[in-house]
>>> print(open('start.cif').read())   # mmCIF, C-alpha atoms
data_final
#
loop_
_atom_site.group_PDB
_atom_site.id
_atom_site.type_symbol
_atom_site.label_atom_id
_atom_site.label_comp_id
_atom_site.auth_asym_id
_atom_site.auth_seq_id
_atom_site.Cartn_x
_atom_site.Cartn_y
_atom_site.Cartn_z
ATOM 1 C CA MET A 1 186.346 -24.867 135.895
ATOM 2 C CA GLU A 2 189.598 -24.809 137.855
ATOM 3 C CA TRP A 3 192.749 -26.883 137.542
ATOM 4 C CA THR A 4 193.083 -29.810 139.926
ATOM 5 C CA GLU A 5 196.186 -30.078 142.101
ATOM 6 C CA VAL A 6 197.301 -33.641 142.841
ATOM 7 C CA LEU A 7 199.532 -33.918 145.918
ATOM 8 C CA ILE A 8 201.483 -37.143 146.399
ATOM 9 C CA GLU A 9 203.152 -37.866 149.749
ATOM 10 C CA ILE A 10 205.923 -40.496 149.727
ATOM 11 C CA ASP A 11 209.004 -41.483 151.669
ATOM 12 C CA ALA A 12 211.794 -39.068 150.743
ATOM 13 C CA ASP A 13 214.084 -41.867 149.556
ATOM 14 C CA SER A 14 211.512 -42.727 146.858
ATOM 15 C CA ILE A 15 211.260 -39.227 145.410
ATOM 16 C CA ASP A 16 213.281 -39.808 142.243
ATOM 17 C CA THR A 17 211.344 -42.874 141.151
ATOM 18 C CA ALA A 18 208.020 -41.336 142.144
ATOM 19 C CA ALA A 19 208.855 -38.181 140.201
ATOM 20 C CA ASP A 20 209.551 -40.239 137.066
ATOM 21 C CA ILE A 21 206.122 -41.830 137.426
ATOM 22 C CA ALA A 22 204.446 -38.473 138.093
ATOM 23 C CA ASN A 23 205.983 -37.032 134.931
ATOM 24 C CA MET A 24 204.227 -39.762 132.942
ATOM 25 C CA ALA A 25 200.814 -38.581 134.147
ATOM 26 C CA VAL A 26 200.944 -34.943 133.015
ATOM 27 C CA ASP A 27 202.102 -32.960 130.001
ATOM 28 C CA CYS A 28 203.374 -30.055 132.079
ATOM 29 C CA GLY A 29 206.024 -30.024 134.795
ATOM 30 C CA ILE A 30 205.802 -31.155 138.386
ATOM 31 C CA TYR A 31 206.811 -29.462 141.627
ATOM 32 C CA ILE A 32 208.799 -31.464 144.197
ATOM 33 C CA GLU A 33 209.284 -30.815 147.919
ATOM 34 C CA ASP A 34 212.433 -32.578 149.118
ATOM 35 C CA TYR A 35 213.967 -31.364 152.397
ATOM 36 C CA ARG A 36 216.631 -34.024 152.913
ATOM 37 C CA ASN A 37 219.545 -31.716 152.032
ATOM 38 C CA LEU A 38 217.916 -28.403 152.859
ATOM 39 C CA GLU A 39 220.909 -26.621 154.416
ATOM 40 C CA LYS A 40 223.424 -27.762 151.808
ATOM 41 C CA GLU A 41 221.216 -26.924 148.830
ATOM 42 C CA THR A 42 220.221 -23.545 150.257
ATOM 43 C CA TRP A 43 223.880 -22.611 150.588
ATOM 44 C CA GLU A 44 224.743 -23.862 147.095
ATOM 45 C CA ILE A 45 221.856 -21.990 145.478
ATOM 46 C CA ALA A 46 221.751 -18.756 147.476
ATOM 47 C CA ASN A 47 224.999 -18.696 149.478
ATOM 48 C CA ILE A 48 223.077 -18.151 152.707
ATOM 49 C CA ASP A 49 222.696 -20.224 155.829
ATOM 50 C CA LEU A 50 219.727 -18.369 157.293
ATOM 51 C CA ILE A 51 216.675 -20.585 156.734
ATOM 52 C CA ASP A 52 213.090 -19.979 157.797
ATOM 53 C CA GLU A 53 212.178 -21.890 160.961
ATOM 54 C CA GLU A 54 209.113 -23.364 159.297
ATOM 55 C CA LEU A 55 211.296 -24.982 156.648
ATOM 56 C CA LEU A 56 213.683 -26.314 159.268
ATOM 57 C CA ARG A 57 210.759 -28.013 161.017
ATOM 58 C CA LYS A 58 209.786 -29.938 157.876
ATOM 59 C CA ASP A 59 209.784 -33.726 158.149
ATOM 60 C CA ARG A 60 212.978 -34.748 156.305
ATOM 61 C CA SER A 61 211.730 -38.335 155.935
ATOM 62 C CA LYS A 62 208.840 -37.304 153.672
ATOM 63 C CA GLY A 63 208.712 -35.947 150.152
ATOM 64 C CA TYR A 64 205.864 -34.299 148.270
ATOM 65 C CA ILE A 65 205.136 -34.137 144.568
ATOM 66 C CA HIS A 66 202.632 -31.647 143.158
ATOM 67 C CA LEU A 67 201.151 -31.975 139.700
ATOM 68 C CA TYR A 68 198.308 -30.150 138.045
ATOM 69 C CA ILE A 69 195.475 -31.447 135.873
ATOM 70 C CA SER A 70 193.836 -29.051 133.411
ATOM 71 C CA PRO A 71 190.045 -28.592 133.389
ATOM 72 C CA GLU A 72 189.860 -30.485 130.078
ATOM 73 C CA GLU A 73 191.464 -33.624 131.537
ATOM 74 C CA ASN A 74 189.981 -36.352 133.729
ATOM 75 C CA PRO A 75 191.675 -36.142 137.154
ATOM 76 C CA SER A 76 190.428 -39.597 138.170
ATOM 77 C CA GLU A 77 192.472 -41.203 135.395
ATOM 78 C CA ALA A 78 195.639 -39.438 136.542
ATOM 79 C CA VAL A 79 195.041 -40.440 140.168
ATOM 80 C CA SER A 80 194.398 -44.094 139.359
ATOM 81 C CA PHE A 81 197.380 -44.179 136.985
ATOM 82 C CA LEU A 82 199.649 -42.743 139.674
ATOM 83 C CA SER A 83 198.374 -45.051 142.405
ATOM 84 C CA GLU A 84 198.789 -48.229 140.376
ATOM 85 C CA ARG A 85 202.210 -47.288 139.015
ATOM 86 C CA LEU A 86 203.470 -46.339 142.485
ATOM 87 C CA ASN A 87 202.133 -49.621 143.868
ATOM 88 C CA GLU A 88 203.931 -51.530 141.088
ATOM 89 C CA ALA A 89 207.138 -49.751 142.074
ATOM 90 C CA GLY A 90 206.590 -50.688 145.733
ATOM 91 C CA ILE A 91 206.281 -47.054 146.816
ATOM 92 C CA SER A 92 203.985 -46.377 149.768
ATOM 93 C CA HIS A 93 202.037 -43.193 149.129
ATOM 94 C CA LYS A 94 199.094 -40.962 149.918
ATOM 95 C CA ILE A 95 197.280 -38.923 147.276
ATOM 96 C CA ASN A 96 195.126 -35.870 147.898
ATOM 97 C CA LEU A 97 193.435 -33.574 145.396
ATOM 98 C CA ASN A 98 193.279 -29.889 146.260
ATOM 99 C CA LYS A 99 191.916 -29.935 149.806
ATOM 100 C CA CYS A 100 189.703 -32.996 149.253
ATOM 101 C CA LYS A 101 190.575 -36.235 150.947
ATOM 102 C CA ASN A 102 190.460 -39.408 148.869
ATOM 103 C CA GLU A 103 187.155 -40.475 150.389
ATOM 104 C CA ASP A 104 185.576 -37.228 149.173
ATOM 105 C CA TRP A 105 187.111 -37.609 145.730
ATOM 106 C CA GLU A 106 185.513 -41.033 145.278
ATOM 107 C CA ASN A 107 182.158 -39.270 145.152
ATOM 108 C CA ASN A 108 183.191 -36.120 143.255
ATOM 109 C CA TRP A 109 185.326 -37.283 140.321
ATOM 110 C CA LYS A 110 182.474 -38.821 138.326
ATOM 111 C CA GLU A 111 181.564 -35.502 136.742
ATOM 112 C CA PHE A 112 184.788 -35.717 134.693
ATOM 113 C CA PHE A 113 184.130 -39.199 133.225
ATOM 114 C CA LYS A 114 181.907 -39.187 130.137
ATOM 115 C CA PRO A 115 181.069 -41.893 127.553
ATOM 116 C CA VAL A 116 183.954 -42.352 125.135
ATOM 117 C CA LYS A 117 184.196 -44.111 121.779
ATOM 118 C CA VAL A 118 187.395 -46.063 121.168
ATOM 119 C CA GLY A 119 188.368 -47.467 117.789
ATOM 120 C CA SER A 120 185.390 -48.377 115.609
ATOM 121 C CA LYS A 121 183.653 -50.997 117.766
ATOM 122 C CA ILE A 122 183.658 -50.041 121.465
ATOM 123 C CA LEU A 123 181.790 -47.393 123.446
ATOM 124 C CA ILE A 124 182.832 -47.105 127.099
ATOM 125 C CA ARG A 125 179.924 -46.043 129.296
ATOM 126 C CA PRO A 126 180.106 -44.992 132.952
ATOM 127 C CA VAL A 127 177.391 -46.974 134.709
ATOM 128 C CA TRP A 128 175.722 -43.828 136.070
ATOM 129 C CA ILE A 129 175.101 -42.402 132.574
ATOM 130 C CA ASP A 130 172.122 -43.774 130.640
ATOM 131 C CA ASP A 131 171.740 -41.059 128.003
ATOM 132 C CA TYR A 132 174.413 -41.441 125.330
ATOM 133 C CA ASP A 133 174.727 -41.676 121.555
ATOM 134 C CA ASN A 134 175.328 -45.129 120.114
ATOM 135 C CA SER A 135 173.859 -44.508 116.699
ATOM 136 C CA ASP A 136 176.764 -46.393 115.081
ATOM 137 C CA GLY A 137 175.891 -49.621 116.949
ATOM 138 C CA ARG A 138 179.041 -50.168 118.999
ATOM 139 C CA GLN A 139 179.585 -52.775 121.693
ATOM 140 C CA ILE A 140 178.774 -51.132 125.039
ATOM 141 C CA LEU A 141 181.392 -51.567 127.761
ATOM 142 C CA SER A 142 179.853 -50.467 131.065
ATOM 143 C CA ILE A 143 182.352 -49.535 133.731
ATOM 144 C CA GLU A 144 182.574 -48.296 137.312
ATOM 145 C CA PRO A 145 186.329 -47.725 137.634
ATOM 146 C CA GLY A 146 186.424 -46.380 141.173
ATOM 147 C CA LEU A 147 190.091 -45.638 141.848
ATOM 148 C CA ALA A 148 191.445 -48.429 139.616
ATOM 149 C CA PHE A 149 193.310 -47.360 136.498
ATOM 150 C CA GLY A 150 191.482 -47.715 133.189
ATOM 151 C CA THR A 151 188.515 -45.721 131.933
ATOM 152 C CA GLY A 152 189.608 -45.486 128.307
ATOM 153 C CA GLY A 153 190.424 -41.805 128.671
ATOM 154 C CA HIS A 154 194.163 -42.162 129.198
ATOM 155 C CA ASP A 155 196.257 -42.502 126.030
ATOM 156 C CA THR A 156 197.915 -45.728 127.201
ATOM 157 C CA THR A 157 194.585 -47.542 127.606
ATOM 158 C CA ARG A 158 193.080 -46.147 124.413
ATOM 159 C CA LEU A 159 196.121 -47.096 122.318
ATOM 160 C CA CYS A 160 195.978 -50.642 123.657
ATOM 161 C CA LEU A 161 192.226 -50.926 123.038
ATOM 162 C CA GLU A 162 192.697 -49.840 119.435
ATOM 163 C CA MET A 163 195.290 -52.542 118.869
ATOM 164 C CA CYS A 164 193.123 -55.185 120.576
ATOM 165 C CA GLU A 165 190.353 -54.362 118.125
ATOM 166 C CA LYS A 166 192.730 -54.734 115.196
ATOM 167 C CA TYR A 167 194.599 -57.926 116.136
ATOM 168 C CA LEU A 168 192.305 -59.960 118.383
ATOM 169 C CA LYS A 169 190.508 -62.840 116.638
ATOM 170 C CA GLU A 170 187.248 -64.595 117.435
ATOM 171 C CA GLY A 171 187.879 -67.346 120.003
ATOM 172 C CA ASP A 172 191.255 -66.030 121.225
ATOM 173 C CA SER A 173 192.499 -66.502 124.784
ATOM 174 C CA VAL A 174 193.855 -63.315 126.406
ATOM 175 C CA LEU A 175 196.196 -62.611 129.311
ATOM 176 C CA ASP A 176 195.941 -59.047 130.677
ATOM 177 C CA THR A 177 198.801 -58.240 133.062
ATOM 178 C CA GLY A 178 198.299 -55.159 135.222
ATOM 179 C CA CYS A 179 194.589 -55.315 134.414
ATOM 180 C CA GLY A 180 193.494 -52.329 136.536
ATOM 181 C CA SER A 181 189.749 -51.801 136.191
ATOM 182 C CA GLY A 182 189.502 -54.784 133.825
ATOM 183 C CA ILE A 183 188.701 -52.617 130.829
ATOM 184 C CA LEU A 184 191.071 -54.350 128.375
ATOM 185 C CA GLY A 185 189.922 -57.849 129.309
ATOM 186 C CA ILE A 186 186.233 -56.955 129.134
ATOM 187 C CA ALA A 187 186.759 -55.218 125.783
ATOM 188 C CA SER A 188 188.539 -58.345 124.523
ATOM 189 C CA LEU A 189 185.518 -60.496 125.399
ATOM 190 C CA LEU A 190 183.172 -58.025 123.724
ATOM 191 C CA LEU A 191 185.403 -58.179 120.634
ATOM 192 C CA GLY A 192 185.107 -61.976 120.476
ATOM 193 C CA ALA A 193 187.737 -63.456 122.790
ATOM 194 C CA LYS A 194 186.825 -66.843 124.247
ATOM 195 C CA SER A 195 188.486 -66.302 127.624
ATOM 196 C CA VAL A 196 190.451 -63.712 129.609
ATOM 197 C CA VAL A 197 192.781 -63.999 132.579
ATOM 198 C CA GLY A 198 193.575 -60.673 134.257
ATOM 199 C CA VAL A 199 196.251 -60.076 136.901
ATOM 200 C CA ASP A 200 196.938 -57.087 139.111
ATOM 201 C CA ILE A 201 199.146 -56.483 142.137
ATOM 202 C CA ASP A 202 196.606 -54.033 143.617
ATOM 203 C CA GLU A 203 193.789 -55.648 145.629
ATOM 204 C CA LEU A 204 191.444 -52.732 144.889
ATOM 205 C CA ALA A 205 192.038 -53.172 141.166
ATOM 206 C CA VAL A 206 191.270 -56.895 141.403
ATOM 207 C CA LYS A 207 188.006 -56.211 143.231
ATOM 208 C CA THR A 208 187.067 -53.504 140.721
ATOM 209 C CA ALA A 209 187.917 -55.680 137.718
ATOM 210 C CA VAL A 210 185.749 -58.541 139.019
ATOM 211 C CA GLU A 211 182.823 -56.193 139.629
ATOM 212 C CA ASN A 212 183.179 -54.608 136.186
ATOM 213 C CA GLY A 213 183.174 -58.057 134.615
ATOM 214 C CA LYS A 214 179.858 -58.827 136.291
ATOM 215 C CA LEU A 215 178.438 -55.482 135.106
ATOM 216 C CA ASN A 216 179.080 -56.656 131.543
ATOM 217 C CA GLY A 217 177.899 -60.230 132.066
ATOM 218 C CA PHE A 218 181.318 -61.884 132.404
ATOM 219 C CA SER A 219 182.602 -64.071 135.245
ATOM 220 C CA GLU A 220 184.620 -67.250 135.753
ATOM 221 C CA PRO A 221 185.626 -69.339 133.950
ATOM 222 C CA GLU A 222 185.608 -67.111 130.831
ATOM 223 C CA TYR A 223 186.742 -64.050 132.807
ATOM 224 C CA LYS A 224 189.145 -64.756 135.666
ATOM 225 C CA ILE A 225 190.980 -62.097 137.703
ATOM 226 C CA LEU A 226 193.995 -62.976 139.868
ATOM 227 C CA HIS A 227 195.718 -61.015 142.618
ATOM 228 C CA GLY A 228 199.433 -61.303 141.929
ATOM 229 C CA ASN A 229 202.511 -59.925 140.218
ATOM 230 C CA LEU A 230 202.555 -60.406 136.433
ATOM 231 C CA THR A 231 202.438 -64.187 135.847
ATOM 232 C CA ASP A 232 203.328 -65.649 139.234
ATOM 233 C CA LYS A 233 199.850 -67.264 139.505
ATOM 234 C CA VAL A 234 199.205 -67.776 135.784
ATOM 235 C CA THR A 235 199.263 -71.107 133.960
ATOM 236 C CA GLY A 236 198.821 -71.945 130.295
ATOM 237 C CA LYS A 237 199.551 -70.187 127.018
ATOM 238 C CA PHE A 238 197.563 -67.431 125.358
ATOM 239 C CA ASP A 239 196.822 -66.055 121.900
ATOM 240 C CA VAL A 240 197.199 -62.442 123.042
ATOM 241 C CA VAL A 241 199.182 -61.069 125.993
ATOM 242 C CA LEU A 242 198.498 -57.475 127.033
ATOM 243 C CA ALA A 243 200.802 -55.383 129.218
ATOM 244 C CA ASN A 244 199.572 -51.822 129.733
ATOM 245 C CA ILE A 245 202.095 -51.105 132.477
ATOM 246 C CA VAL A 246 205.313 -49.043 132.480
ATOM 247 C CA ALA A 247 208.556 -49.322 130.559
ATOM 248 C CA ASP A 248 210.616 -50.892 133.376
ATOM 249 C CA VAL A 249 208.092 -53.686 133.915
ATOM 250 C CA ILE A 250 207.696 -54.312 130.188
ATOM 251 C CA ILE A 251 211.482 -54.609 129.846
ATOM 252 C CA MET A 252 211.588 -57.157 132.673
ATOM 253 C CA PHE A 253 208.470 -59.004 131.485
ATOM 254 C CA SER A 254 209.833 -59.439 127.963
ATOM 255 C CA ASP A 255 212.484 -61.786 129.400
ATOM 256 C CA PHE A 256 209.945 -64.502 130.271
ATOM 257 C CA VAL A 257 206.558 -63.671 128.745
ATOM 258 C CA GLY A 258 207.338 -66.023 125.848
ATOM 259 C CA GLY A 259 206.618 -68.947 128.149
ATOM 260 C CA PHE A 260 202.962 -67.882 128.249
ATOM 261 C CA MET A 261 202.541 -67.382 124.503
ATOM 262 C CA LYS A 262 201.534 -69.698 121.688
ATOM 263 C CA ASP A 263 203.664 -69.777 118.545
ATOM 264 C CA SER A 264 201.439 -67.271 116.735
ATOM 265 C CA SER A 265 200.651 -65.056 119.749
ATOM 266 C CA TYR A 266 200.664 -61.280 119.878
ATOM 267 C CA PHE A 267 202.370 -59.433 122.747
ATOM 268 C CA ILE A 268 200.823 -55.958 122.933
ATOM 269 C CA VAL A 269 202.611 -53.501 125.227
ATOM 270 C CA SER A 270 201.514 -49.999 126.207
ATOM 271 C CA GLY A 271 202.286 -47.409 128.886
ATOM 272 C CA ILE A 272 205.603 -46.522 127.222
ATOM 273 C CA ILE A 273 206.627 -42.875 127.453
ATOM 274 C CA ALA A 274 208.613 -41.589 124.459
ATOM 275 C CA PRO A 275 211.981 -41.138 126.249
ATOM 276 C CA ARG A 276 211.962 -44.872 127.085
ATOM 277 C CA GLU A 277 211.109 -45.990 123.544
ATOM 278 C CA GLU A 278 214.564 -47.234 122.535
ATOM 279 C CA GLU A 279 215.127 -49.093 125.819
ATOM 280 C CA VAL A 280 211.881 -50.998 125.388
ATOM 281 C CA LYS A 281 212.628 -51.748 121.747
ATOM 282 C CA ALA A 282 216.072 -53.053 122.677
ATOM 283 C CA ALA A 283 214.636 -55.370 125.342
ATOM 284 C CA LEU A 284 211.986 -56.691 122.953
ATOM 285 C CA SER A 285 214.580 -57.299 120.252
ATOM 286 C CA LYS A 286 216.911 -59.064 122.703
ATOM 287 C CA ASN A 287 214.073 -61.437 123.539
ATOM 288 C CA HIS A 288 213.267 -62.106 119.869
ATOM 289 C CA PHE A 289 210.148 -59.958 119.608
ATOM 290 C CA LYS A 290 209.529 -58.190 116.308
ATOM 291 C CA ILE A 291 207.454 -54.993 116.389
ATOM 292 C CA ILE A 292 204.816 -55.259 113.677
ATOM 293 C CA GLU A 293 202.959 -52.042 114.466
ATOM 294 C CA GLU A 294 203.471 -48.923 116.557
ATOM 295 C CA ASN A 295 200.502 -46.932 117.839
ATOM 296 C CA ARG A 296 201.376 -43.475 119.136
ATOM 297 C CA SER A 297 199.537 -40.587 120.779
ATOM 298 C CA GLY A 298 201.590 -37.597 121.853
ATOM 299 C CA ASP A 299 204.448 -38.899 124.006
ATOM 300 C CA TRP A 300 202.846 -42.321 124.573
ATOM 301 C CA LEU A 301 203.517 -45.473 122.569
ATOM 302 C CA CYS A 302 201.964 -48.909 122.173
ATOM 303 C CA PHE A 303 203.755 -51.730 120.339
ATOM 304 C CA VAL A 304 202.205 -54.823 118.778
ATOM 305 C CA THR A 305 204.821 -57.575 118.649
ATOM 306 C CA LYS A 306 205.220 -61.184 117.592
ATOM 307 C CA ARG A 307 207.969 -63.546 118.669
ATOM 308 C CA ASP A 308 210.426 -64.790 116.066
ATOM 309 C CA GLU A 309 211.197 -68.488 115.963
ATOM 310 C CA VAL A 310 214.225 -69.263 118.162
#
>>> encode(input="start.cif", output="C-alpha cells")
Amino acid sequence: MEWTEVLIEIDADSIDTAADIANMAVDCGIYIEDYRNLEKETWEIANIDLIDEELLRKDRSKGYIHLYISPEENPSEAVSFLSERLNEAGISHKINLNKCKNEDWENNWKEFFKPVKVGSKILIRPVWIDDYDNSDGRQILSIEPGLAFGTGGHDTTRLCLEMCEKYLKEGDSVLDTGCGSGILGIASLLLGAKSVVGVDIDELAVKTAVENGKLNGFSEPEYKILHGNLTDKVTGKFDVVLANIVADVIIMFSDFVGGFMKDSSYFIVSGIIAPREEEVKAALSKNHFKIIEENRSGDWLCFVTKRDEV
C-alpha cells in the first residue's frame, strides 16, 4: 500500500493558522507552498533574482499545504479532522487526496476504516461491515462517518471516549460541543446517559450526527443535534460537557462553559496537542477548573476537570 498525499488549498493569508492545524493531523512534517514573497525569499536564500517563469505565474493569493498519511493510518480521519478544524477557524479550503477529487474519496476511503474497540465497553462498527469479533460482549456503536470527524481511530476521539466510559454515570445529561459524526454523544447514550445535546458549526457534521443517531436507535428528545457555534443555541445545565476540539477553542470555551454545568459536572476536553498543554492548563486554572485526570497518547492529551466552588 502507498502513502496518501493530502493537499489543502487555502487563501495565502491563512497559511500560518492552517499549517498549525495541519501539523496536528500528522506525526511527520508538512510541506507548504507560499508564493506571496517569492522574489524576496529567493534572493535571501539563494542570492539570485532569476526565477523560473512557471513559479512567477503562480497565484500569489493561494497557498498549498501537503501532508502525507502512512499506509497504516486512516486517511479519512485526517481529512475529516482537517476539514472540521479549518471550518472552526473560519478558513475556506479545498482538500484533495493524491489525484482523487473529494467525490471519489467518499467512495474509496472505507477500506481504511475497520471495527475498533475502545476502552472496555464500546466497539465501533462501520455500518458496511457485518463480520466482526464481539466475543467480549461490548456495546456496538454503528457509524457511517462520511467526511465528518470522529470514527474512534484518531487519538483525540479515543482518549475522550475512554474518559466518558470512566466518568459518565447512569442517567447523566451530556453536552457534546463540536460533535462531528456524533460518536461521543452516541457512545454516551450507550454507556447509560439519559440525554445528549450535540452542537457543530459544520452543516455536514450535523447531518451526519443525526443520521448516525438514527442508525443506533437514538433521536430527539434524548439525542438532539444543533447547528451552531459552541453553546450559542444551547440551554440548560449538564452533568458532563465534552469538548473534543482544539486548544484555542477550549481556552476560549473555558471562560463561559461553567454556565452550562451543574455543581458536580465534569468538563472533559480533548484535541490538545502537547505544545499547547500549559496554555490550556493555565486557562482552565484561571476559570477555576481542577484537572482530576490526564489521558495521553503520543502528543495528544485529554483532561477530565471539575469546577472548584467560587
>>> closest_residue(input="start.cif", among="A:Leu97, A:Leu184, A:Ala78, A:Val269", to="Val249 of chain A", atoms="all atoms listed in the file")
A:Val269
>>> residues_around(input="start.cif", residues="Glu162 of chain A", least_positions_apart="6", cutoff="12 Å", atoms="all atoms listed in the file", output="list in words")
Lys117, Val118, Gly119, Ser120, Lys121, Ile122, Leu123, Gly152, Asp155, Thr156, Leu168, Leu184, Ala187, Ser188, Leu191, Ile268, Ser270, Glu293, Glu294, Asn295, Arg296, Ser297, Cys302, Phe303 and Val304 of chain A
>>> closest_residue(input="start.cif", among="A:Phe113, A:Tyr64, A:Tyr167, A:Phe253", to="Gly153 of chain A", atoms="all atoms listed in the file")
A:Phe113
>>> atom_distance(input="start.cif", atom1="atom CA of Ile245 of chain A", atom2="atom CA of Asp34 of chain A")
27.0 Å
>>> resolve_selection(input="start.cif", expression="the PyMOL selection byres ((chain A and resi 189) around 12)", output="VMD selection string")
chain A and resid 122 139 to 141 161 164 to 165 168 to 176 182 to 188 190 to 198 213 216 to 219 222 to 224
>>> residues_near_point(input="start.cif", point="(195.2, -29.6, 133.6)", cutoff="9 Å", atoms="only C-alpha atoms", output="JSON, numbers by chain")
{"A": [2, 3, 4, 5, 26, 27, 28, 67, 68, 69, 70, 71, 72, 73, 74, 75]}
>>> residues_around(input="start.cif", residues="Gly90 of chain A", least_positions_apart="2", cutoff="12 Å", atoms="only C-alpha atoms", output="tab-separated table (two decimals) with C-alpha atoms, keeping the file's coordinate frame")
chain	number	residue	atom	x	y	z
A	10	ILE	CA	205.92	-40.50	149.73
A	11	ASP	CA	209.00	-41.48	151.67
A	14	SER	CA	211.51	-42.73	146.86
A	17	THR	CA	211.34	-42.87	141.15
A	18	ALA	CA	208.02	-41.34	142.14
A	83	SER	CA	198.37	-45.05	142.40
A	84	GLU	CA	198.79	-48.23	140.38
A	85	ARG	CA	202.21	-47.29	139.01
A	86	LEU	CA	203.47	-46.34	142.49
A	87	ASN	CA	202.13	-49.62	143.87
A	88	GLU	CA	203.93	-51.53	141.09
A	92	SER	CA	203.98	-46.38	149.77
A	93	HIS	CA	202.04	-43.19	149.13
A	201	ILE	CA	199.15	-56.48	142.14
A	202	ASP	CA	196.61	-54.03	143.62
A	229	ASN	CA	202.51	-59.92	140.22
>>> atom_distance(input="start.cif", atom1="atom CA of Ala25 of chain A", atom2="atom CA of Val199 of chain A")
22.1 Å
>>> closest_residue(input="start.cif", among="A:Ala209, A:Ile250, A:Ala243, A:Ile291", to="Thr157 of chain A", atoms="only C-alpha atoms")
A:Ala243
